[in-house]
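**Student:** What follows is structure26.txt; its format and atoms are compact mmCIF, C-alpha atoms (C1' of nucleotides).
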```txt
# COMPACT_ATOMS: atom_id res chain seq x y z
CA MET A 284 84.34 15.84 111.37
CA LYS A 285 87.86 14.63 111.98
CA ILE A 286 88.78 11.72 109.68
CA ALA A 287 92.11 9.93 110.05
CA THR A 288 93.95 7.28 108.08
CA PHE A 289 96.46 5.07 109.87
CA ASN A 290 98.36 1.99 108.68
CA ILE A 291 98.77 0.29 112.05
CA ASN A 292 100.92 -2.66 110.88
CA GLY A 293 99.13 -5.36 112.85
CA ILE A 294 96.30 -4.93 115.33
CA LYS A 295 97.68 -7.57 117.69
CA ALA A 296 100.92 -5.67 118.11
CA ARG A 297 99.36 -2.20 117.99
CA HIS A 298 96.07 -2.22 119.88
CA ALA A 299 97.48 -0.53 122.97
CA ALA A 300 99.22 2.20 120.98
CA LEU A 301 96.11 2.63 118.87
CA VAL A 302 93.88 3.10 121.90
CA ASP A 303 96.32 5.68 123.32
CA TRP A 304 96.32 7.62 120.06
CA LEU A 305 92.52 7.49 119.74
CA LYS A 306 92.13 8.90 123.24
CA GLU A 307 94.49 11.78 122.47
CA ALA A 308 93.61 12.60 118.87
CA ASP A 309 89.91 11.81 119.30
CA PRO A 310 89.09 11.39 115.60
CA ASP A 311 85.46 10.91 114.65
CA VAL A 312 86.56 8.37 112.07
CA ALA A 313 89.71 6.26 111.80
CA LEU A 314 90.39 4.32 108.60
CA LEU A 315 92.85 1.56 109.44
CA GLN A 316 95.06 -0.51 107.17
CA GLU A 317 97.13 -3.64 107.66
CA ILE A 318 95.11 -4.94 110.56
CA LYS A 319 96.65 -8.35 109.68
CA SER A 320 93.76 -10.14 111.32
CA ILE A 321 90.62 -12.02 110.47
CA ASP A 322 87.42 -10.22 111.43
CA GLU A 323 86.85 -12.54 114.39
CA GLY A 324 90.32 -11.78 115.75
CA PHE A 325 89.89 -8.00 115.75
CA PRO A 326 89.56 -6.72 119.36
CA ARG A 327 86.47 -4.66 118.59
CA GLU A 328 85.45 -4.27 122.23
CA LEU A 329 88.52 -2.14 122.91
CA PHE A 330 87.19 0.42 120.46
CA GLU A 331 83.50 0.03 121.20
CA ASP A 332 84.37 0.89 124.80
CA LEU A 333 85.73 4.21 123.47
CA GLY A 334 82.47 4.86 121.68
CA TYR A 335 83.40 3.67 118.19
CA ALA A 336 81.35 1.63 115.79
CA VAL A 337 83.65 -0.99 114.24
CA GLU A 338 83.56 -2.42 110.73
CA THR A 339 86.33 -4.71 109.53
CA HIS A 340 87.36 -6.40 106.30
CA GLY A 341 90.14 -8.69 107.38
CA GLN A 342 92.03 -11.77 106.29
CA LYS A 343 94.53 -14.08 107.91
CA SER A 344 98.08 -12.73 108.43
CA PHE A 345 98.20 -9.98 105.83
CA ASN A 346 96.44 -6.84 104.62
CA GLY A 347 93.04 -6.08 106.12
CA VAL A 348 91.24 -2.76 106.56
CA ALA A 349 88.80 -1.39 109.13
CA ILE A 350 86.69 1.65 109.92
CA LEU A 351 86.17 3.01 113.42
CA SER A 352 83.53 5.71 113.76
CA LYS A 353 81.94 7.61 116.62
CA LEU A 354 79.00 8.36 114.32
CA PRO A 355 76.79 5.63 112.89
CA LEU A 356 78.06 3.77 109.81
CA GLU A 357 75.62 2.84 107.07
CA ASP A 358 75.73 0.91 103.80
CA VAL A 359 79.00 -0.89 104.52
CA THR A 360 80.57 -2.72 101.58
CA ARG A 361 83.76 -4.77 101.44
CA GLY A 362 86.18 -5.34 98.59
CA LEU A 363 87.15 -3.23 95.57
CA PRO A 364 84.88 -4.08 92.62
CA GLY A 365 86.25 -5.29 89.32
CA ASN A 366 87.91 -8.64 90.04
CA GLU A 367 85.91 -11.37 91.72
CA SER A 368 89.01 -13.57 92.05
CA ASP A 369 90.95 -10.99 94.09
CA GLU A 370 90.95 -12.33 97.64
CA GLN A 371 93.14 -9.64 99.21
CA ALA A 372 91.32 -7.51 101.81
CA ARG A 373 92.26 -3.97 100.80
CA TRP A 374 89.05 -1.94 100.47
CA ILE A 375 86.07 -1.06 102.64
CA GLU A 376 83.36 1.57 102.23
CA ALA A 377 80.74 3.04 104.52
CA THR A 378 78.64 6.15 104.83
CA VAL A 379 79.05 8.19 107.97
CA VAL A 380 76.23 10.54 108.88
CA GLY A 381 77.05 13.69 110.81
CA GLU A 382 75.85 17.15 109.83
CA ARG A 383 76.44 15.86 106.32
CA ALA A 384 76.60 12.33 104.95
CA VAL A 385 80.12 11.41 103.81
CA ARG A 386 80.99 8.30 101.82
CA LEU A 387 84.20 6.84 103.27
CA CYS A 388 86.55 4.51 101.42
CA GLY A 389 89.41 2.94 103.35
CA LEU A 390 92.09 1.44 101.16
CA TYR A 391 95.40 -0.39 101.30
CA LEU A 392 96.87 -0.12 97.82
CA PRO A 393 99.30 -2.92 96.85
CA ASN A 394 103.00 -2.20 97.30
CA GLY A 395 103.93 -3.58 93.87
CA ASN A 396 107.53 -4.60 94.55
CA PRO A 397 109.60 -6.18 93.28
CA VAL A 398 109.49 -4.76 89.75
CA GLU A 399 111.14 -6.50 86.83
CA PHE A 400 112.51 -4.51 83.91
CA ASP A 401 112.89 -5.42 80.25
CA PRO A 402 116.25 -4.96 78.48
CA SER A 403 115.28 -1.44 77.43
CA GLY A 404 114.83 -0.55 81.08
CA ALA A 405 111.04 -0.32 81.03
CA PRO A 406 109.14 -1.90 83.95
CA ILE A 407 107.25 -5.06 83.02
CA ARG A 408 103.60 -5.07 84.00
CA GLU A 409 103.40 -8.48 85.64
CA GLY A 410 103.61 -10.10 89.05
CA LYS A 411 103.15 -7.87 92.07
CA TYR A 412 103.75 -4.74 90.04
CA GLY A 413 101.11 -5.79 87.53
CA TYR A 414 98.70 -6.47 90.37
CA LYS A 415 99.32 -2.96 91.71
CA LEU A 416 98.60 -1.28 88.38
CA ASP A 417 95.56 -3.48 87.76
CA TRP A 418 94.29 -2.59 91.24
CA MET A 419 94.77 1.10 90.44
CA ASP A 420 92.71 0.69 87.27
CA ARG A 421 89.91 -0.72 89.43
CA LEU A 422 90.38 2.17 91.86
CA HIS A 423 89.99 4.58 88.95
CA ALA A 424 86.77 2.86 87.90
CA ARG A 425 85.32 2.92 91.41
CA ALA A 426 86.38 6.56 91.87
CA THR A 427 84.59 7.44 88.65
CA GLN A 428 81.40 5.85 89.98
CA LEU A 429 81.69 7.57 93.34
CA LEU A 430 82.01 11.01 91.72
CA GLN A 431 78.68 10.53 90.02
CA SER A 432 76.91 10.76 93.39
CA GLU A 433 78.01 14.42 93.60
CA GLU A 434 78.22 13.88 97.36
CA PRO A 435 81.21 14.26 99.71
CA VAL A 436 83.50 11.25 99.21
CA VAL A 437 86.77 10.58 101.07
CA MET A 438 89.08 7.86 99.73
CA ALA A 439 91.84 7.51 102.30
CA GLY A 440 94.54 5.04 103.17
CA ASP A 441 97.97 3.71 102.43
CA TYR A 442 98.28 4.40 98.70
CA ASN A 443 101.85 3.11 98.50
CA ILE A 444 102.52 5.98 96.10
CA ILE A 445 105.16 8.70 96.50
CA PRO A 446 103.36 11.32 94.40
CA GLN A 447 106.37 13.53 93.63
CA ASP A 448 110.08 13.67 94.41
CA GLU A 449 109.41 16.24 97.13
CA ASP A 450 107.52 13.52 99.00
CA ALA A 451 110.69 11.51 99.68
CA ALA A 452 113.76 12.46 101.69
CA LYS A 453 115.93 10.57 99.17
CA PRO A 454 114.00 10.51 95.90
CA GLU A 455 116.92 9.05 93.99
CA SER A 456 116.75 5.84 96.02
CA TRP A 457 113.15 5.22 94.85
CA ARG A 458 113.70 5.61 91.10
CA ARG A 459 113.17 1.92 90.26
CA ASP A 460 110.67 1.28 93.03
CA ALA A 461 106.98 0.56 92.46
CA LEU A 462 106.08 3.39 94.87
CA ALA A 463 107.64 6.04 92.64
CA LEU A 464 107.89 4.70 89.08
CA PRO A 465 106.43 7.07 86.49
CA GLU A 466 103.70 4.55 85.65
CA SER A 467 102.66 4.33 89.33
CA ARG A 468 102.61 8.09 89.71
CA ALA A 469 100.64 8.46 86.49
CA ALA A 470 98.01 5.99 87.70
CA PHE A 471 97.66 8.03 90.90
CA ARG A 472 97.39 11.27 88.91
CA ARG A 473 94.71 9.73 86.71
CA VAL A 474 92.53 9.37 89.81
CA LEU A 475 93.25 12.94 90.87
CA ASN A 476 92.51 14.14 87.35
CA LEU A 477 88.99 12.79 87.63
CA GLY A 478 88.41 15.64 90.05
CA PHE A 479 89.76 14.43 93.39
CA THR A 480 91.82 16.70 95.61
CA GLU A 481 94.75 15.35 97.61
CA ALA A 482 93.98 16.91 100.99
CA PHE A 483 97.53 17.41 102.23
CA ARG A 484 98.73 19.19 99.09
CA ALA A 485 95.64 21.40 99.14
CA LYS A 486 96.98 22.90 102.36
CA VAL A 487 100.75 22.38 102.51
CA THR A 488 103.47 22.93 99.90
CA GLY A 489 107.12 21.96 99.84
CA PRO A 490 109.31 19.03 100.86
CA GLY A 491 109.98 17.40 104.20
CA HIS A 492 106.54 15.99 105.03
CA TYR A 493 106.39 12.22 105.45
CA SER A 494 103.98 9.56 106.73
CA PHE A 495 106.26 6.48 106.69
CA TRP A 496 109.75 5.77 107.98
CA ASP A 497 111.19 2.28 107.49
CA TYR A 498 112.10 0.28 110.57
CA GLN A 499 115.48 -0.41 108.97
CA ALA A 500 118.66 1.61 108.73
CA GLY A 501 117.68 4.19 111.31
CA ALA A 502 115.25 5.78 108.87
CA TRP A 503 113.31 7.57 111.62
CA GLN A 504 116.40 8.90 113.37
CA ARG A 505 117.70 10.20 110.02
CA ASN A 506 114.27 11.48 108.95
CA ASN A 507 114.57 9.32 105.84
CA GLY A 508 110.83 9.23 105.20
CA ILE A 509 108.28 9.11 102.42
CA ARG A 510 104.73 10.43 102.12
CA ILE A 511 102.51 7.58 100.96
CA ASP A 512 99.36 7.85 103.11
CA HIS A 513 96.83 10.11 101.43
CA LEU A 514 93.28 11.39 101.70
CA LEU A 515 91.57 12.08 98.37
CA LEU A 516 88.47 14.27 98.40
CA SER A 517 85.66 14.54 95.88
CA PRO A 518 84.84 18.14 94.91
CA GLN A 519 81.98 18.19 97.40
CA ALA A 520 84.30 16.96 100.17
CA ALA A 521 87.08 19.35 99.18
CA ASP A 522 84.64 22.24 99.65
CA LEU A 523 84.39 21.18 103.30
CA LEU A 524 88.12 20.86 104.03
CA ARG A 525 89.20 22.90 107.04
CA ASN A 526 92.52 21.39 108.05
CA VAL A 527 94.97 18.52 107.48
CA GLU A 528 97.81 17.24 109.64
CA ILE A 529 100.32 14.44 109.96
CA ASP A 530 100.71 13.07 113.49
CA LYS A 531 104.46 12.68 113.06
CA ASP A 532 105.30 12.35 116.76
CA ILE A 533 103.60 8.95 116.92
CA ARG A 534 106.57 7.44 115.04
CA GLY A 535 108.92 8.19 117.95
CA ARG A 536 106.94 6.26 120.56
CA GLU A 537 107.35 2.77 121.99
CA LYS A 538 106.54 -0.02 119.53
CA PRO A 539 105.34 2.30 116.78
CA SER A 540 103.88 1.37 113.43
CA ASP A 541 106.18 2.32 110.56
CA HIS A 542 103.37 4.65 109.40
CA VAL A 543 101.83 7.56 111.29
CA PRO A 544 98.25 8.88 111.22
CA VAL A 545 97.24 11.55 108.72
CA TRP A 546 93.96 13.33 109.32
CA ILE A 547 91.61 15.95 107.93
CA ASP A 548 88.98 18.12 109.54
CA LEU A 549 85.88 18.47 107.39
CA GLU A 550 83.08 20.94 107.93
CA ALA A 551 80.60 18.09 108.08
C1' DA B 1003 130.11 3.95 102.47
C1' DT B 1004 127.42 0.14 104.28
C1' DG B 1005 124.16 -2.32 106.93
C1' DG B 1006 121.07 -2.16 110.21
C1' DC B 1007 113.72 -4.19 111.20
C1' DC B 1008 109.35 -5.76 112.38
C1' DG B 1009 104.79 -8.59 112.52
C1' DG B 1010 102.52 -12.94 111.85
C1' DT B 1011 102.74 -17.77 111.77
C1' DG B 1012 103.68 -21.40 114.52
C1' DG B 1013 106.61 -23.15 117.39
C1' DA B 1014 112.07 -22.65 113.43
C1' DA B 1015 112.81 -20.04 109.96
C1' DC B 1016 110.28 -17.71 106.47
C1' DC B 1017 107.15 -14.54 104.05
C1' DG B 1018 105.74 -9.90 103.33
C1' DG B 1019 106.31 -5.26 103.82
C1' DA B 1020 108.28 -0.40 101.63
```
Re-express the file's structure as structure tokens.

**Tutor:**
Amino acid sequence: MKIATFNINGIKARHAALVDWLKEADPDVALLQEIKSIDEGFPRELFEDLGYAVETHGQKSFNGVAILSKLPLEDVTRGLPGNESDEQARWIEATVVGERAVRLCGLYLPNGNPVEFDPSGAPIREGKYGYKLDWMDRLHARATQLLQSEEPVVMAGDYNIIPQDEDAAKPESWRRDALALPESRAAFRRVLNLGFTEAFRAKVTGPGHYSFWDYQAGAWQRNNGIRIDHLLLSPQAADLLRNVEIDKDIRGREKPSDHVPVWIDLEA
DNA sequence: ATGGCCGGTGGAACCGGA
């Protein structure tokens, strides 16, 4: 079962490129982020025509996540539990049933910038940065619940976390950024420490592997990238991991997203 | 060394992103 995550940066601007990539890569499942569309505005027929079931959790203008699946989707839920007043569309779950049933979570973790610092130089947990860390606490809680099923679980998406310095071409330029602050990295590690495996690092070591290149400052041409799109696997899913890849070439095409797809192949 | 973009909204600039 090939499962991909892809921050498409707007379905209206990206549907043609997305269809092209789906035809070539042929994933069984695509977890999409930043659809930037309400559910009614999502061009679901384009993907149904390719044989995908479509489940969306959108909102107007910003955020929004979706799941495309060639296999049936069951028990779809929308929204990350833990804060009823959070109206941002950043989390969707469904169970996909192939040879094995896999619980899928598609997520778009808050960016968290800008960060304000107190006079001692410590980041202040408020505003967008506070929202990010609070959201990660809720992610930790949901991840804890999901582990209790002892079934294959895949939590994949745009985590907006640079896990280690080796995951950035210029780590020094991210020191005071919400994507790389020690507190952000620690919150990410706390989820891993529950027992999740980060799929890419289970297969590939060393620097130079990125999933995002800014539109600005010629970041793509200079390979000034960061690796922030991740697939986290429960122990039962990690047992099934066959392969993981980053579809880097997508970034060099016409009208690309600033992110590229990352995918795993599971024995499921 | 520095600055450089893009999508959505709404119909001009502005917000948000990372």

**Student:** Chain A residues within 7 Å of chain B, counting all atoms listed in the file: which ones, as number ranges by chain?

**Tutor:** A: 293, 344, 498-500

**Student:** Taking into account all atoms listed in the file, which residue in the set A:Ala296, A:Val545, A:Ala384, A:Val474 is nearest to Leu356 in chain A?

**Tutor:**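 For Leu356 in chain A, the nearest of the candidates is A:Ala384.
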
**Student:** Taking all atoms listed in the file into account, produce a table as CSV in which each residue of range 388-444 of chain A with an atom at most 10 Å from an atom of range 516-525 of chain A appears once, together with its shortest atom pair and the distance in Å to one decimal, ordered by chain and rising number.

**Tutor:**
```
residue,atom,partner,partner_atom,distance
A:Ala426,CA,A:Ser517,CA,9.0
A:Leu429,CA,A:Ser517,CA,8.4
A:Leu430,CA,A:Ser517,CA,6.6
A:Gln431,CA,A:Ser517,CA,10.0
A:Ser432,CA,A:Gln519,CA,9.8
A:Glu433,CA,A:Gln519,CA,6.7
A:Glu434,CA,A:Gln519,CA,5.7
A:Pro435,CA,A:Ala520,CA,4.1
A:Val436,CA,A:Ser517,CA,5.2
A:Val437,CA,A:Leu516,CA,4.9
A:Met438,CA,A:Leu516,CA,6.6
A:Ala439,CA,A:Leu516,CA,8.5
```

**Student:** What gap, in Å, lies between CA of Thr288 in chain A and CA of Ile529 in chain A?

**Tutor:**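 Taking CA of Thr288 in chain A and CA of Ile529 in chain A, their separation equals 9.8 Å.
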
**Student:** Leaving out Lys343 in chain A and any residue of its chain fewer than 5 positions from it, which residues lie within 8 Å of it when counting all atoms listed in the file, given as a ChimeraX atom specification?

**Tutor:** /A:319-321

**Student:** Near Pro326 in chain A, within 12 Å and counting all atoms listed in the file, which residues show up once chain neighbours fewer than 4 positions away are dropped, as a VMD selection string?

**Tutor:** chain A and resid 293 to 299 301 to 302 318 320 to 322 330 to 332 337 to 339 349 351

**Student:** Quick one: residues within 12 Å of Ile407 in chain A, all atoms listed in the file counted, chain neighbours fewer than 3 positions away excluded, as a tab-separated table (two decimals) with C-alpha atoms, keeping the file's coordinate frame?

**Tutor:**
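The result, stored in part15.tsv:
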```
chain	number	residue	atom	x	y	z
A	395	GLY	CA	103.93	-3.58	93.87
A	396	ASN	CA	107.53	-4.60	94.55
A	397	PRO	CA	109.60	-6.18	93.28
A	398	VAL	CA	109.49	-4.76	89.75
A	399	GLU	CA	111.14	-6.50	86.83
A	400	PHE	CA	112.51	-4.51	83.91
A	401	ASP	CA	112.89	-5.42	80.25
A	402	PRO	CA	116.25	-4.96	78.48
A	403	SER	CA	115.28	-1.44	77.43
A	404	GLY	CA	114.83	-0.55	81.08
A	410	GLY	CA	103.61	-10.10	89.05
A	411	LYS	CA	103.15	-7.87	92.07
A	412	TYR	CA	103.75	-4.74	90.04
A	413	GLY	CA	101.11	-5.79	87.53
A	414	TYR	CA	98.70	-6.47	90.37
A	415	LYS	CA	99.32	-2.96	91.71
A	416	LEU	CA	98.60	-1.28	88.38
A	459	ARG	CA	113.17	1.92	90.26
A	461	ALA	CA	106.98	0.56	92.46
A	464	LEU	CA	107.89	4.70	89.08
A	466	GLU	CA	103.70	4.55	85.65
```

**Student:** The centre and edge lengths of an axis-aligned box containing all atoms of range 1009-1017 of chain B present in the file, extended by 8 Å on each side, are to be given in Å to one decimal, as AutoDock Vina command-line options.

**Tutor:**
```
--center_x 107.7 --center_y -15.9 --center_z 110.7 --size_x 26.3 --size_y 30.6 --size_z 29.3
```

**Student:** Report, in Å with one decimal, the straight-line distance from CA of His542 in chain A to CA of Glu328 in chain A.

**Tutor:**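 Separation of CA of His542 in chain A and CA of Glu328 in chain A: 23.8 Å.
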
**Student:** Could you pull the residues within 7 Å of Asn346 in chain A, counting only C-alpha atoms (C1' of nucleotides), minus those fewer than 3 positions along the same chain, as a short mmCIF file (atom, residue, chain, number, x, y, z; two decimals) with C-alpha atoms, in the frame of the given file?

**Tutor:**
```
data_model
loop_
_atom_site.label_atom_id
_atom_site.label_comp_id
_atom_site.auth_asym_id
_atom_site.auth_seq_id
_atom_site.Cartn_x
_atom_site.Cartn_y
_atom_site.Cartn_z
CA GLN A 316 95.06 -0.51 107.17
CA GLU A 317 97.13 -3.64 107.66
CA ILE A 318 95.11 -4.94 110.56
CA LYS A 319 96.65 -8.35 109.68
CA GLN A 342 92.03 -11.77 106.29
CA GLN A 371 93.14 -9.64 99.21
CA ALA A 372 91.32 -7.51 101.81
CA ARG A 373 92.26 -3.97 100.80
#
```

**Student:** Figure out the distance between CA of Asp311 in chain A and CA of Pro355 in chain A, please, to one decimal in Å.

**Tutor:**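 These two atoms are separated by 10.3 Å.
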
**Student:** Can you tell me which residues surround Glu382 in chain A at a distance of at most 12 Å, considering all atoms listed in the file, apart from same-chain residues fewer than 3 positions away, and format the answer as a list in words?

**Tutor:**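 Counting all atoms listed in the file, the residues come to Met284, Leu354, Pro355, Val379, Val385, Pro435, Leu523, Leu549, Glu550 and Ala551 of chain A.
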
**Student:** Any chance you could tabulate, as a tab-separated table, the residues of range 372-457 of chain A at most 9 Å from range 479-494 of chain A with each one's nearest atom pair and distance in Å to one decimal, using all atoms listed in the file, in chain and rising number order?

**Tutor:**
```
residue	atom	partner	partner_atom	distance
A:Ala426	CA	A:Phe479	CA	8.7
A:Leu430	CA	A:Phe479	CA	8.6
A:Asp448	CA	A:Pro490	CA	8.4
A:Glu449	CA	A:Pro490	CA	4.7
A:Asp450	CA	A:Pro490	CA	6.1
A:Ala451	CA	A:Tyr493	CA	7.2
A:Ala452	CA	A:Gly491	CA	6.7
```

**Student:** Using all atoms listed in the file, pick whichever of A:Arg468, A:Arg327, A:Arg425, A:Arg408 has the shortest atom-to-atom distance to Ile375 in chain A.

**Tutor:**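 Distance minimum relative to Ile375 in chain A lands on A:Arg425.
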
**Student:** Give the answer as one residue: which of A:Gly365, A:Gly508, A:Gly389, A:Gly334 has the shortest atom-to-atom distance to Arg421 in chain A, using only C-alpha atoms?

**Tutor:**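 Looking at the shortest contact to Arg421 in chain A, the residue is A:Gly365.
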